[in-house]
file work28.txt (compact mmCIF, C-alpha atoms)
# COMPACT_ATOMS: atom_id res chain seq x y z
CA MET A 1 0.00 0.00 0.00
CA ASP A 2 1.22 3.52 -0.79
CA ALA A 3 2.54 5.61 2.10
CA HIS A 4 -0.31 8.08 1.62
CA LEU A 5 -3.89 8.09 0.33
CA ASN A 6 -5.78 11.03 -1.13
CA ASN A 7 -8.53 11.65 1.43
CA ARG A 8 -11.45 13.73 0.20
CA GLN A 9 -13.31 15.63 2.90
CA TRP A 10 -16.32 17.93 3.14
CA LEU A 11 -15.39 20.75 5.52
CA TYR A 12 -18.10 22.80 7.23
CA ARG A 13 -17.03 26.37 6.34
CA ARG A 14 -19.96 28.77 6.92
CA HIS A 15 -22.87 28.91 9.34
CA PRO A 16 -26.28 28.78 7.60
CA GLU A 17 -28.81 31.36 8.73
CA GLY A 18 -31.64 29.44 7.06
CA LEU A 19 -31.52 26.41 4.82
CA VAL A 20 -28.21 24.54 4.84
CA GLY A 21 -26.68 23.68 1.47
CA PRO A 22 -23.53 23.22 -0.62
CA GLU A 23 -22.53 26.87 -0.14
CA HIS A 24 -21.78 26.14 3.52
CA TYR A 25 -19.23 23.42 2.70
CA GLU A 26 -15.95 23.06 0.85
CA LEU A 27 -14.59 19.87 -0.72
CA VAL A 28 -10.88 19.43 -0.06
CA THR A 29 -8.34 16.69 -0.73
CA THR A 30 -5.61 16.01 1.82
CA PRO A 31 -2.95 13.29 2.07
CA LEU A 32 -3.60 10.62 4.70
CA ALA A 33 -0.64 8.58 5.94
CA THR A 34 -1.38 4.86 5.77
CA ALA A 35 1.17 3.66 8.34
CA LEU A 36 -0.69 2.31 11.38
CA SER A 37 0.17 2.78 15.02
CA ALA A 38 -0.77 0.13 17.59
CA GLY A 39 -4.54 -0.31 17.72
CA GLU A 40 -5.22 1.65 14.54
CA VAL A 41 -7.33 0.70 11.53
CA LEU A 42 -7.42 2.23 8.04
CA VAL A 43 -10.86 2.28 6.41
CA GLU A 44 -12.53 3.38 3.20
CA ALA A 45 -16.05 4.80 3.49
CA ARG A 46 -18.88 3.20 1.50
CA TYR A 47 -22.04 4.80 2.97
CA TRP A 48 -22.45 8.20 4.64
CA SER A 49 -25.37 9.15 6.83
CA VAL A 50 -27.43 12.31 6.28
CA ASP A 51 -29.53 13.27 9.30
CA PRO A 52 -31.62 16.20 10.62
CA TYR A 53 -29.44 16.52 13.76
CA MET A 54 -26.65 17.89 11.57
CA ARG A 55 -28.61 21.14 11.22
CA ILE A 56 -29.33 21.23 14.98
CA ASN A 57 -25.60 21.06 15.62
CA GLN A 58 -25.10 24.16 13.47
CA SER A 59 -27.34 26.29 15.66
CA LEU A 60 -25.53 29.17 17.35
CA LYS A 61 -27.79 28.97 20.40
CA PRO A 62 -27.41 26.26 23.04
CA THR A 63 -28.64 22.80 22.02
CA TYR A 64 -27.74 19.42 23.48
CA ASN A 65 -24.12 20.28 22.67
CA GLU A 66 -22.20 22.89 24.58
CA LEU A 67 -20.88 24.44 21.36
CA PRO A 68 -22.07 24.40 17.72
CA HIS A 69 -20.32 22.27 15.10
CA ALA A 70 -16.88 23.82 14.67
CA LEU A 71 -16.21 25.63 11.42
CA ASP A 72 -13.39 24.39 9.17
CA THR A 73 -13.75 20.80 10.36
CA VAL A 74 -15.06 17.64 8.70
CA GLN A 75 -18.86 17.35 8.91
CA THR A 76 -19.72 14.88 11.67
CA ALA A 77 -21.65 11.84 10.45
CA GLY A 78 -22.15 8.13 10.90
CA VAL A 79 -20.34 6.09 8.26
CA VAL A 80 -20.26 2.47 7.07
CA ALA A 81 -16.82 1.54 5.76
CA ARG A 82 -14.58 -1.34 4.65
CA VAL A 83 -11.30 -2.08 6.41
CA LEU A 84 -8.24 -1.56 4.19
CA ALA A 85 -5.59 -2.39 6.80
CA SER A 86 -5.60 -3.24 10.49
CA SER A 87 -3.14 -3.56 13.39
CA VAL A 88 -5.59 -5.53 15.56
CA PRO A 89 -6.59 -9.21 15.22
CA THR A 90 -10.33 -8.51 15.62
CA LEU A 91 -10.47 -6.64 12.31
CA THR A 92 -9.00 -7.66 8.97
CA ALA A 93 -8.97 -6.19 5.48
CA GLY A 94 -12.41 -6.43 3.89
CA ASP A 95 -14.38 -6.33 7.14
CA TRP A 96 -17.39 -4.02 7.33
CA VAL A 97 -17.45 -1.48 10.17
CA GLU A 98 -19.52 1.49 11.35
CA GLY A 99 -18.47 4.59 13.25
CA MET A 100 -18.74 8.37 13.54
CA LEU A 101 -16.10 9.02 10.89
CA GLY A 102 -17.64 12.07 9.20
CA TRP A 103 -17.96 13.12 5.60
CA GLN A 104 -14.62 11.86 4.31
CA THR A 105 -13.60 9.04 1.98
CA HIS A 106 -10.96 7.50 4.27
CA ALA A 107 -10.02 7.48 7.93
CA ARG A 108 -7.26 6.12 10.16
CA VAL A 109 -8.74 5.59 13.62
CA HIS A 110 -8.40 3.56 16.78
CA HIS A 111 -10.35 0.32 16.53
CA SER A 112 -12.35 1.18 19.65
CA VAL A 113 -14.44 3.76 17.76
CA LEU A 114 -15.62 1.15 15.24
CA ARG A 115 -18.43 -1.40 15.41
CA LYS A 116 -17.81 -4.56 13.40
CA LEU A 117 -20.73 -5.57 11.18
CA ASP A 118 -21.90 -8.95 9.93
CA PRO A 119 -23.15 -8.49 6.35
CA ALA A 120 -24.68 -11.98 6.47
CA LEU A 121 -27.21 -10.79 9.05
CA ALA A 122 -28.31 -7.57 7.34
CA PRO A 123 -27.10 -5.23 4.58
CA PRO A 124 -24.21 -3.10 5.92
CA SER A 125 -26.11 0.13 5.20
CA THR A 126 -28.62 -0.77 7.93
CA ALA A 127 -25.91 0.07 10.48
CA ILE A 128 -26.71 3.77 9.91
CA GLY A 129 -30.44 3.09 9.62
CA VAL A 130 -32.76 0.55 11.20
CA LEU A 131 -29.89 -1.18 13.04
CA GLY A 132 -28.11 2.04 13.87
CA MET A 133 -28.84 5.45 15.37
CA PRO A 134 -32.35 5.85 13.85
CA GLY A 135 -33.34 2.39 15.07
CA ARG A 136 -31.99 3.11 18.53
CA THR A 137 -33.88 6.40 18.61
CA ALA A 138 -37.15 4.81 17.55
CA TRP A 139 -36.94 1.79 19.85
CA PHE A 140 -35.94 3.45 23.09
CA GLY A 141 -37.84 6.66 22.36
CA LEU A 142 -41.10 4.78 21.97
CA MET A 143 -40.64 1.97 24.46
CA GLU A 144 -39.03 3.88 27.35
CA SER A 145 -40.40 7.40 26.89
CA GLY A 146 -43.69 6.64 25.14
CA LEU A 147 -44.51 3.54 27.22
CA PRO A 148 -47.08 2.22 24.72
CA LYS A 149 -49.84 -0.10 25.90
CA ALA A 150 -51.92 -2.42 23.74
CA GLY A 151 -55.05 -0.72 22.46
CA GLU A 152 -53.73 2.81 22.86
CA VAL A 153 -53.59 5.40 20.10
CA VAL A 154 -50.08 6.39 19.03
CA VAL A 155 -49.65 9.38 16.72
CA VAL A 156 -46.34 9.80 14.90
CA SER A 157 -45.37 12.97 13.04
CA GLY A 158 -42.79 12.62 10.29
CA ALA A 159 -44.09 9.06 10.03
CA ALA A 160 -42.46 8.31 6.66
CA GLY A 161 -38.99 9.27 7.87
CA ALA A 162 -36.12 7.14 9.11
CA VAL A 163 -37.21 7.27 12.77
CA GLY A 164 -40.95 7.81 12.38
CA SER A 165 -41.49 4.81 10.10
CA LEU A 166 -39.81 2.54 12.67
CA VAL A 167 -41.70 4.05 15.62
CA ALA A 168 -44.97 3.39 13.82
CA GLN A 169 -44.08 -0.26 13.22
CA PHE A 170 -42.84 -0.83 16.77
CA ALA A 171 -46.10 0.64 18.08
CA LEU A 172 -48.14 -1.70 15.87
CA LYS A 173 -46.14 -4.65 17.17
CA ASN A 174 -47.09 -3.58 20.68
CA GLY A 175 -50.78 -3.79 19.87
CA CYS A 176 -51.37 -0.07 19.44
CA ARG A 177 -53.53 1.72 16.91
CA VAL A 178 -51.24 4.03 14.97
CA LEU A 179 -51.86 7.25 13.07
CA GLY A 180 -49.04 8.52 10.90
CA ILE A 181 -48.78 12.15 9.81
CA ALA A 182 -46.85 12.62 6.57
CA GLY A 183 -46.69 14.94 3.59
CA GLY A 184 -48.44 13.85 0.43
CA ALA A 185 -50.79 11.10 -0.73
CA ALA A 186 -47.91 8.86 -1.87
CA LYS A 187 -46.29 8.76 1.56
CA CYS A 188 -49.61 8.19 3.27
CA GLY A 189 -50.41 5.35 0.87
CA TRP A 190 -47.04 3.74 1.57
CA LEU A 191 -47.63 4.00 5.32
CA ARG A 192 -51.01 2.30 5.08
CA GLU A 193 -50.23 -0.32 2.44
CA LYS A 194 -46.61 -1.27 3.23
CA LEU A 195 -46.39 -0.56 6.96
CA GLY A 196 -49.99 -1.33 7.86
CA LEU A 197 -50.78 1.81 9.83
CA THR A 198 -54.31 2.11 11.16
CA TRP A 199 -54.77 5.65 9.84
CA THR A 200 -52.76 8.29 7.99
CA VAL A 201 -53.21 12.03 7.63
CA ASP A 202 -51.66 14.14 4.87
CA TYR A 203 -50.73 17.39 6.59
CA LYS A 204 -50.29 19.05 3.19
CA ALA A 205 -54.05 18.73 2.70
CA HIS A 206 -54.57 21.14 5.61
CA THR A 207 -53.93 24.86 5.82
CA ASP A 208 -54.03 25.29 9.59
CA ALA A 209 -53.73 23.44 12.89
CA GLU A 210 -57.47 23.50 13.55
CA SER A 211 -58.27 21.67 10.32
CA LEU A 212 -55.55 19.08 10.93
CA ALA A 213 -56.69 18.57 14.51
CA SER A 214 -60.26 18.04 13.38
CA GLU A 215 -59.27 15.17 11.09
CA ILE A 216 -57.04 13.51 13.69
CA LYS A 217 -59.78 13.79 16.30
CA ALA A 218 -62.37 12.29 13.96
CA LEU A 219 -60.14 9.30 13.20
CA THR A 220 -58.70 8.54 16.63
CA GLY A 221 -61.01 10.07 19.21
CA GLY A 222 -57.93 11.14 21.18
CA VAL A 223 -54.19 10.54 21.55
CA ASP A 224 -52.40 8.46 24.18
CA VAL A 225 -48.84 8.71 22.85
CA TYR A 226 -47.57 11.44 20.55
CA PHE A 227 -44.14 10.79 19.07
CA ASP A 228 -43.03 14.13 17.64
CA ASN A 229 -40.38 14.43 14.93
CA VAL A 230 -41.63 17.67 13.39
CA GLY A 231 -42.79 20.32 15.88
CA GLY A 232 -44.39 23.56 14.72
CA TRP A 233 -48.05 23.80 13.74
CA ILE A 234 -48.43 20.04 13.43
CA THR A 235 -47.65 19.67 17.11
CA ASP A 236 -49.96 22.60 17.83
CA ALA A 237 -52.73 20.49 16.30
CA VAL A 238 -52.01 17.33 18.30
CA ILE A 239 -51.49 18.62 21.84
CA PRO A 240 -55.15 19.61 22.50
CA LEU A 241 -56.21 16.06 21.54
CA ILE A 242 -54.27 14.21 24.25
CA ASN A 243 -56.03 11.79 26.58
CA ARG A 244 -55.62 11.38 30.32
CA ARG A 245 -52.03 10.41 31.27
CA ALA A 246 -50.82 10.88 27.71
CA ARG A 247 -47.10 10.68 26.98
CA ILE A 248 -45.54 13.12 24.52
CA VAL A 249 -42.09 12.22 23.23
CA ILE A 250 -40.07 15.07 21.73
CA CYS A 251 -37.62 13.38 19.38
CA GLY A 252 -37.22 16.15 16.83
CA ALA A 253 -38.61 19.41 15.48
CA ILE A 254 -37.40 19.40 11.89
CA SER A 255 -39.84 22.15 10.91
CA GLN A 256 -37.80 24.53 13.07
CA TYR A 257 -34.24 23.63 12.13
CA SER A 258 -33.66 25.94 9.15
CA GLY A 259 -33.19 29.10 11.19
CA GLY A 260 -35.91 28.56 13.78
CA LEU A 261 -33.49 27.42 16.46
CA ASP A 262 -31.47 30.63 16.29
CA ALA A 263 -34.59 32.82 16.04
CA PRO A 264 -37.37 30.71 17.58
CA GLU A 265 -41.04 31.46 17.09
CA LEU A 266 -43.24 31.82 20.14
CA GLY A 267 -44.80 28.43 20.80
CA PRO A 268 -48.46 27.76 21.51
CA ARG A 269 -49.93 28.20 24.97
CA PHE A 270 -50.70 24.50 25.26
CA LEU A 271 -49.40 23.68 28.72
CA HIS A 272 -52.88 23.91 30.18
CA HIS A 273 -53.73 20.73 28.27
CA MET A 274 -50.84 19.00 30.06
CA LEU A 275 -52.41 20.11 33.33
CA TYR A 276 -55.92 18.98 32.45
CA GLN A 277 -54.81 15.53 31.31
CA ARG A 278 -51.95 15.10 33.81
CA ALA A 279 -49.76 14.28 30.83
CA THR A 280 -45.98 14.21 30.44
CA ILE A 281 -43.59 15.62 27.87
CA GLN A 282 -40.17 14.03 27.63
CA GLY A 283 -37.30 14.76 25.30
CA MET A 284 -35.08 11.89 24.18
CA LEU A 285 -31.75 11.62 22.41
CA ALA A 286 -30.20 8.57 20.80
CA ARG A 287 -26.90 9.28 22.56
CA ASP A 288 -28.51 8.53 25.92
CA TYR A 289 -28.93 4.91 24.84
CA LEU A 290 -25.63 4.34 23.05
CA HIS A 291 -24.47 2.01 25.83
CA ARG A 292 -27.60 -0.11 25.24
CA MET A 293 -27.05 -0.62 21.52
CA ASP A 294 -26.62 -4.38 21.92
CA GLU A 295 -29.95 -4.56 23.73
CA MET A 296 -31.74 -2.92 20.82
CA LEU A 297 -29.96 -5.12 18.28
CA ARG A 298 -31.00 -8.28 20.11
CA VAL A 299 -34.66 -7.29 19.76
CA VAL A 300 -34.81 -5.43 16.43
CA GLY A 301 -32.13 -7.44 14.59
CA PRO A 302 -34.21 -10.63 14.44
CA MET A 303 -37.24 -8.60 13.31
CA VAL A 304 -35.19 -7.31 10.37
CA GLN A 305 -33.85 -10.79 9.55
CA ARG A 306 -37.37 -12.25 9.56
CA GLY A 307 -38.63 -9.51 7.25
CA GLU A 308 -41.02 -8.17 9.87
CA ILE A 309 -39.77 -4.57 9.65
CA VAL A 310 -39.99 -2.41 6.56
CA PHE A 311 -36.89 -0.25 6.35
CA GLU A 312 -36.87 2.07 3.37
CA GLU A 313 -33.61 3.60 2.17
CA THR A 314 -33.33 6.57 -0.17
CA VAL A 315 -29.83 6.18 -1.59
CA VAL A 316 -28.01 8.97 -3.45
CA GLU A 317 -24.88 7.98 -5.34
CA GLY A 318 -21.67 9.95 -5.09
CA PHE A 319 -19.59 11.50 -2.29
CA ASP A 320 -19.81 14.85 -4.10
CA GLN A 321 -23.58 14.90 -3.46
CA LEU A 322 -23.43 15.03 0.35
CA PRO A 323 -24.17 18.75 1.01
CA ALA A 324 -26.94 18.84 -1.59
CA THR A 325 -28.42 15.67 -0.09
CA LEU A 326 -28.44 17.25 3.35
CA GLN A 327 -30.33 20.21 1.91
CA SER A 328 -32.82 17.85 0.26
CA LEU A 329 -33.66 16.44 3.69
CA PHE A 330 -35.49 19.73 4.33
CA THR A 331 -36.79 20.51 0.85
CA SER A 332 -37.77 17.36 -1.06
CA ASP A 333 -39.65 14.12 -0.65
CA HIS A 334 -37.93 10.94 0.44
CA ARG A 335 -38.93 7.91 2.46
CA GLY A 336 -37.05 6.24 5.28
CA LYS A 337 -33.31 6.68 5.76
CA LEU A 338 -31.39 9.10 3.53
CA ILE A 339 -27.96 7.71 2.63
CA VAL A 340 -25.16 8.67 0.24
CA GLU A 341 -23.29 5.73 -1.30
CA ALA A 342 -19.79 5.80 -2.73
CA GLN A 343 -19.69 5.36 -6.48
CA ALA A 344 -18.57 1.89 -7.57
call {"tool": "encode", "arguments": {"input": "work28.txt", "output": "structure tokens"}}
result
Amino acid sequence: MDAHLNNRQWLYRRHPEGLVGPEHYELVTTPLATALSAGEVLVEARYWSVDPYMRINQSLKPTYNELPHALDTVQTAGVVARVLASSVPTLTAGDWVEGMLGWQTHARVHHSVLRKLDPALAPPSTAIGVLGMPGRTAWFGLMESGLPKAGEVVVVSGAAGAVGSLVAQFALKNGCRVLGIAGGAAKCGWLREKLGLTWTVDYKAHTDAESLASEIKALTGGVDVYFDNVGGWITDAVIPLINRRARIVICGAISQYSGGLDAPELGPRFLHHMLYQRATIQGMLARDYLHRMDEMLRVVGPMVQRGEIVFEETVVEGFDQLPATLQSLFTSDHRGKLIVEAQA
């Protein structure tokens, strides 16, 4: 192997005030030494994750991180890669691994930051999807924060997304009746026909929260668990519909990420509904359950192997497409997990 590789990297250069896009990144090529120190592994990226949290991390106001994503550094991201060379016996050339390696084509890292994958059990790309961070978010967010009970009504916003589509299916498996909120007739049809949701609502068919709430109320009669990935006026519509002892799980608020975190809108005065129904609101982050990854894999892994879980992937080809793909997360239609794949 040559002493150096050309490592292509997307550097985060400028803070977006609104929608994030290619203008906020710069593609650079830097030499990467291939000589390994003890414990190191050299990998080549095959799949890069594109996730809404990337825009949260760019907010200049406090989030779950003490500081925003540093300028002039590689964009943080989960990556599935192949091992090119290894100094440890547990990993050999050709092995599939996953880790937070960022938007770069190669990396030389300590083996402890990598998770070895078994491609015979599931496609390697699932390690950044249903069997990765989105799966962990959906499983623990619903089961430990939502506490679903058979027969209850679970409403999921962003139900056609990477996390929402899994939450909806986990809720069905727990005997719940599930309403998915998504944008467009095609997504709603997919949720009903492929995932088997009890009801769907196309939020794009409504012009205000009152109209949306009216349809949800007519279908469900009331909400026991609300798993929120969207925030904004959609959440305004759901909160007044909660039942006694309802659980509201705040997983995301993607409607607010493109500038709304730095200059937030005044939220609705809905806390009186929490009082009336003695309900709870709980935020959850995937990072809080990282140490329980194996627990999730033991439960969800067999579901995936048996074909009991639908996991949609929207795959974009080409490392060069990463910033534009991140922008598309907020502007265009896709289903399930958004992934960029290295060109063959």
call {"tool": "residues_around", "arguments": {"input": "work28.txt", "residues": "stretch 320-322 of chain A", "least_positions_apart": "6", "cutoff": "9 Å", "atoms": "only C-alpha atoms", "output": "list in words"}}
result
Trp10, Pro22, Leu27, Trp48, Ser49, Val50, Trp103, Ile339 and Val340 of chain A
call {"tool": "write_last_selection", "arguments": {"input": "work28.txt", "atoms": "C-alpha atoms", "output": "compact mmCIF listing (two decimals), keeping the file's coordinate frame"}}
result
# COMPACT_ATOMS: atom_id res chain seq x y z
CA TRP A 10 -16.32 17.93 3.14
CA PRO A 22 -23.53 23.22 -0.62
CA LEU A 27 -14.59 19.87 -0.72
CA TRP A 48 -22.45 8.20 4.64
CA SER A 49 -25.37 9.15 6.83
CA VAL A 50 -27.43 12.31 6.28
CA TRP A 103 -17.96 13.12 5.60
CA ILE A 339 -27.96 7.71 2.63
CA VAL A 340 -25.16 8.67 0.24
call {"tool": "residues_around", "arguments": {"input": "work28.txt", "residues": "A:Asp236", "least_positions_apart": "5", "cutoff": "10 Å", "atoms": "only C-alpha atoms", "output": "list in words"}}
result
Asp208, Ala209, Glu210, Leu212, Ala213, Gly231, Leu241, Gly267, Pro268, Arg269 and Phe270 of chain A
call {"tool": "write_last_selection", "arguments": {"input": "work28.txt", "atoms": "C-alpha atoms", "output": "PDB file, keeping the file's coordinate frame"}}
result
ATOM      1  CA  ASP A 208     -54.030  25.290   9.590  1.00  0.00           C
ATOM      2  CA  ALA A 209     -53.730  23.440  12.890  1.00  0.00           C
ATOM      3  CA  GLU A 210     -57.470  23.500  13.550  1.00  0.00           C
ATOM      4  CA  LEU A 212     -55.550  19.080  10.930  1.00  0.00           C
ATOM      5  CA  ALA A 213     -56.690  18.570  14.510  1.00  0.00           C
ATOM      6  CA  GLY A 231     -42.790  20.320  15.880  1.00  0.00           C
ATOM      7  CA  LEU A 241     -56.210  16.060  21.540  1.00  0.00           C
ATOM      8  CA  GLY A 267     -44.800  28.430  20.800  1.00  0.00           C
ATOM      9  CA  PRO A 268     -48.460  27.760  21.510  1.00  0.00           C
ATOM     10  CA  ARG A 269     -49.930  28.200  24.970  1.00  0.00           C
ATOM     11  CA  PHE A 270     -50.700  24.500  25.260  1.00  0.00           C
TER      12      PHE A 270
END
call {"tool": "residues_around", "arguments": {"input": "work28.txt", "residues": "stretch 184-197 of chain A", "least_positions_apart": "3", "cutoff": "12 Å", "atoms": "only C-alpha atoms", "output": "ChimeraX atom specification"}}
result
/A:153-161,164-173,175-181,200-206,307-312,332-336
call {"tool": "write_last_selection", "arguments": {"input": "work28.txt", "atoms": "C-alpha atoms", "output": "PDB file, in the coordinates of the input"}}
result
ATOM      1  CA  VAL A 153     -53.590   5.400  20.100  1.00  0.00           C
ATOM      2  CA  VAL A 154     -50.080   6.390  19.030  1.00  0.00           C
ATOM      3  CA  VAL A 155     -49.650   9.380  16.720  1.00  0.00           C
ATOM      4  CA  VAL A 156     -46.340   9.800  14.900  1.00  0.00           C
ATOM      5  CA  SER A 157     -45.370  12.970  13.040  1.00  0.00           C
ATOM      6  CA  GLY A 158     -42.790  12.620  10.290  1.00  0.00           C
ATOM      7  CA  ALA A 159     -44.090   9.060  10.030  1.00  0.00           C
ATOM      8  CA  ALA A 160     -42.460   8.310   6.660  1.00  0.00           C
ATOM      9  CA  GLY A 161     -38.990   9.270   7.870  1.00  0.00           C
ATOM     10  CA  GLY A 164     -40.950   7.810  12.380  1.00  0.00           C
ATOM     11  CA  SER A 165     -41.490   4.810  10.100  1.00  0.00           C
ATOM     12  CA  LEU A 166     -39.810   2.540  12.670  1.00  0.00           C
ATOM     13  CA  VAL A 167     -41.700   4.050  15.620  1.00  0.00           C
ATOM     14  CA  ALA A 168     -44.970   3.390  13.820  1.00  0.00           C
ATOM     15  CA  GLN A 169     -44.080  -0.260  13.220  1.00  0.00           C
ATOM     16  CA  PHE A 170     -42.840  -0.830  16.770  1.00  0.00           C
ATOM     17  CA  ALA A 171     -46.100   0.640  18.080  1.00  0.00           C
ATOM     18  CA  LEU A 172     -48.140  -1.700  15.870  1.00  0.00           C
ATOM     19  CA  LYS A 173     -46.140  -4.650  17.170  1.00  0.00           C
ATOM     20  CA  GLY A 175     -50.780  -3.790  19.870  1.00  0.00           C
ATOM     21  CA  CYS A 176     -51.370  -0.070  19.440  1.00  0.00           C
ATOM     22  CA  ARG A 177     -53.530   1.720  16.910  1.00  0.00           C
ATOM     23  CA  VAL A 178     -51.240   4.030  14.970  1.00  0.00           C
ATOM     24  CA  LEU A 179     -51.860   7.250  13.070  1.00  0.00           C
ATOM     25  CA  GLY A 180     -49.040   8.520  10.900  1.00  0.00           C
ATOM     26  CA  ILE A 181     -48.780  12.150   9.810  1.00  0.00           C
ATOM     27  CA  THR A 200     -52.760   8.290   7.990  1.00  0.00           C
ATOM     28  CA  VAL A 201     -53.210  12.030   7.630  1.00  0.00           C
ATOM     29  CA  ASP A 202     -51.660  14.140   4.870  1.00  0.00           C
ATOM     30  CA  TYR A 203     -50.730  17.390   6.590  1.00  0.00           C
ATOM     31  CA  LYS A 204     -50.290  19.050   3.190  1.00  0.00           C
ATOM     32  CA  ALA A 205     -54.050  18.730   2.700  1.00  0.00           C
ATOM     33  CA  HIS A 206     -54.570  21.140   5.610  1.00  0.00           C
ATOM     34  CA  GLY A 307     -38.630  -9.510   7.250  1.00  0.00           C
ATOM     35  CA  GLU A 308     -41.020  -8.170   9.870  1.00  0.00           C
ATOM     36  CA  ILE A 309     -39.770  -4.570   9.650  1.00  0.00           C
ATOM     37  CA  VAL A 310     -39.990  -2.410   6.560  1.00  0.00           C
ATOM     38  CA  PHE A 311     -36.890  -0.250   6.350  1.00  0.00           C
ATOM     39  CA  GLU A 312     -36.870   2.070   3.370  1.00  0.00           C
ATOM     40  CA  SER A 332     -37.770  17.360  -1.060  1.00  0.00           C
ATOM     41  CA  ASP A 333     -39.650  14.120  -0.650  1.00  0.00           C
ATOM     42  CA  HIS A 334     -37.930  10.940   0.440  1.00  0.00           C
ATOM     43  CA  ARG A 335     -38.930   7.910   2.460  1.00  0.00           C
ATOM     44  CA  GLY A 336     -37.050   6.240   5.280  1.00  0.00           C
TER      45      GLY A 336
END
call {"tool": "closest_residue", "arguments": {"input": "work28.txt", "among": "A:Ala246, A:Ala263, A:Met293, A:Ala138", "to": "A:Tyr276", "atoms": "all atoms listed in the file"}}
result
A:Ala246
call {"tool": "residues_near_point", "arguments": {"input": "work28.txt", "point": "(-33.3, 9.1, 13.6)", "cutoff": "9 Å", "atoms": "only C-alpha atoms", "output": "ChimeraX atom specification"}}
result
/A:51-53,129-130,132-138,161-164,229,251-252,286,337
call {"tool": "atom_distance", "arguments": {"input": "work28.txt", "atom1": "atom CA of A:Asn174", "atom2": "atom CA of A:Ile239"}}
result
22.7 Å
call {"tool": "residues_around", "arguments": {"input": "work28.txt", "residues": "A:Leu261", "least_positions_apart": "2", "cutoff": "10 Å", "atoms": "all atoms listed in the file", "output": "number ranges by chain"}}
result
A: 17-18, 55-56, 58-63, 253, 255-259, 263-265
call {"tool": "atom_distance", "arguments": {"input": "work28.txt", "atom1": "atom CA of A:His272", "atom2": "atom CA of A:Thr220"}}
result
21.3 Å
call {"tool": "atom_distance", "arguments": {"input": "work28.txt", "atom1": "atom CA of A:Leu142", "atom2": "atom CA of A:Tyr64"}}
result
19.9 Å
call {"tool": "residues_around", "arguments": {"input": "work28.txt", "residues": "A:Tyr25", "least_positions_apart": "2", "cutoff": "8 Å", "atoms": "all atoms listed in the file", "output": "JSON, numbers by chain"}}
result
{"A": [10, 11, 12, 13, 14, 21, 22, 23, 27, 323]}
call {"tool": "closest_residue", "arguments": {"input": "work28.txt", "among": "A:Ala218, A:Leu131, A:Leu147, A:Val83", "to": "A:Glu295", "atoms": "only C-alpha atoms"}}
result
A:Leu131
call {"tool": "closest_residue", "arguments": {"input": "work28.txt", "among": "A:Gly232, A:Ala35, A:Phe319, A:Gly183", "to": "A:Gly102", "atoms": "all atoms listed in the file"}}
result
A:Phe319
call {"tool": "closest_residue", "arguments": {"input": "work28.txt", "among": "A:Arg298, A:His273, A:His291, A:Lys149", "to": "A:Val225", "atoms": "only C-alpha atoms"}}
result
A:Lys149
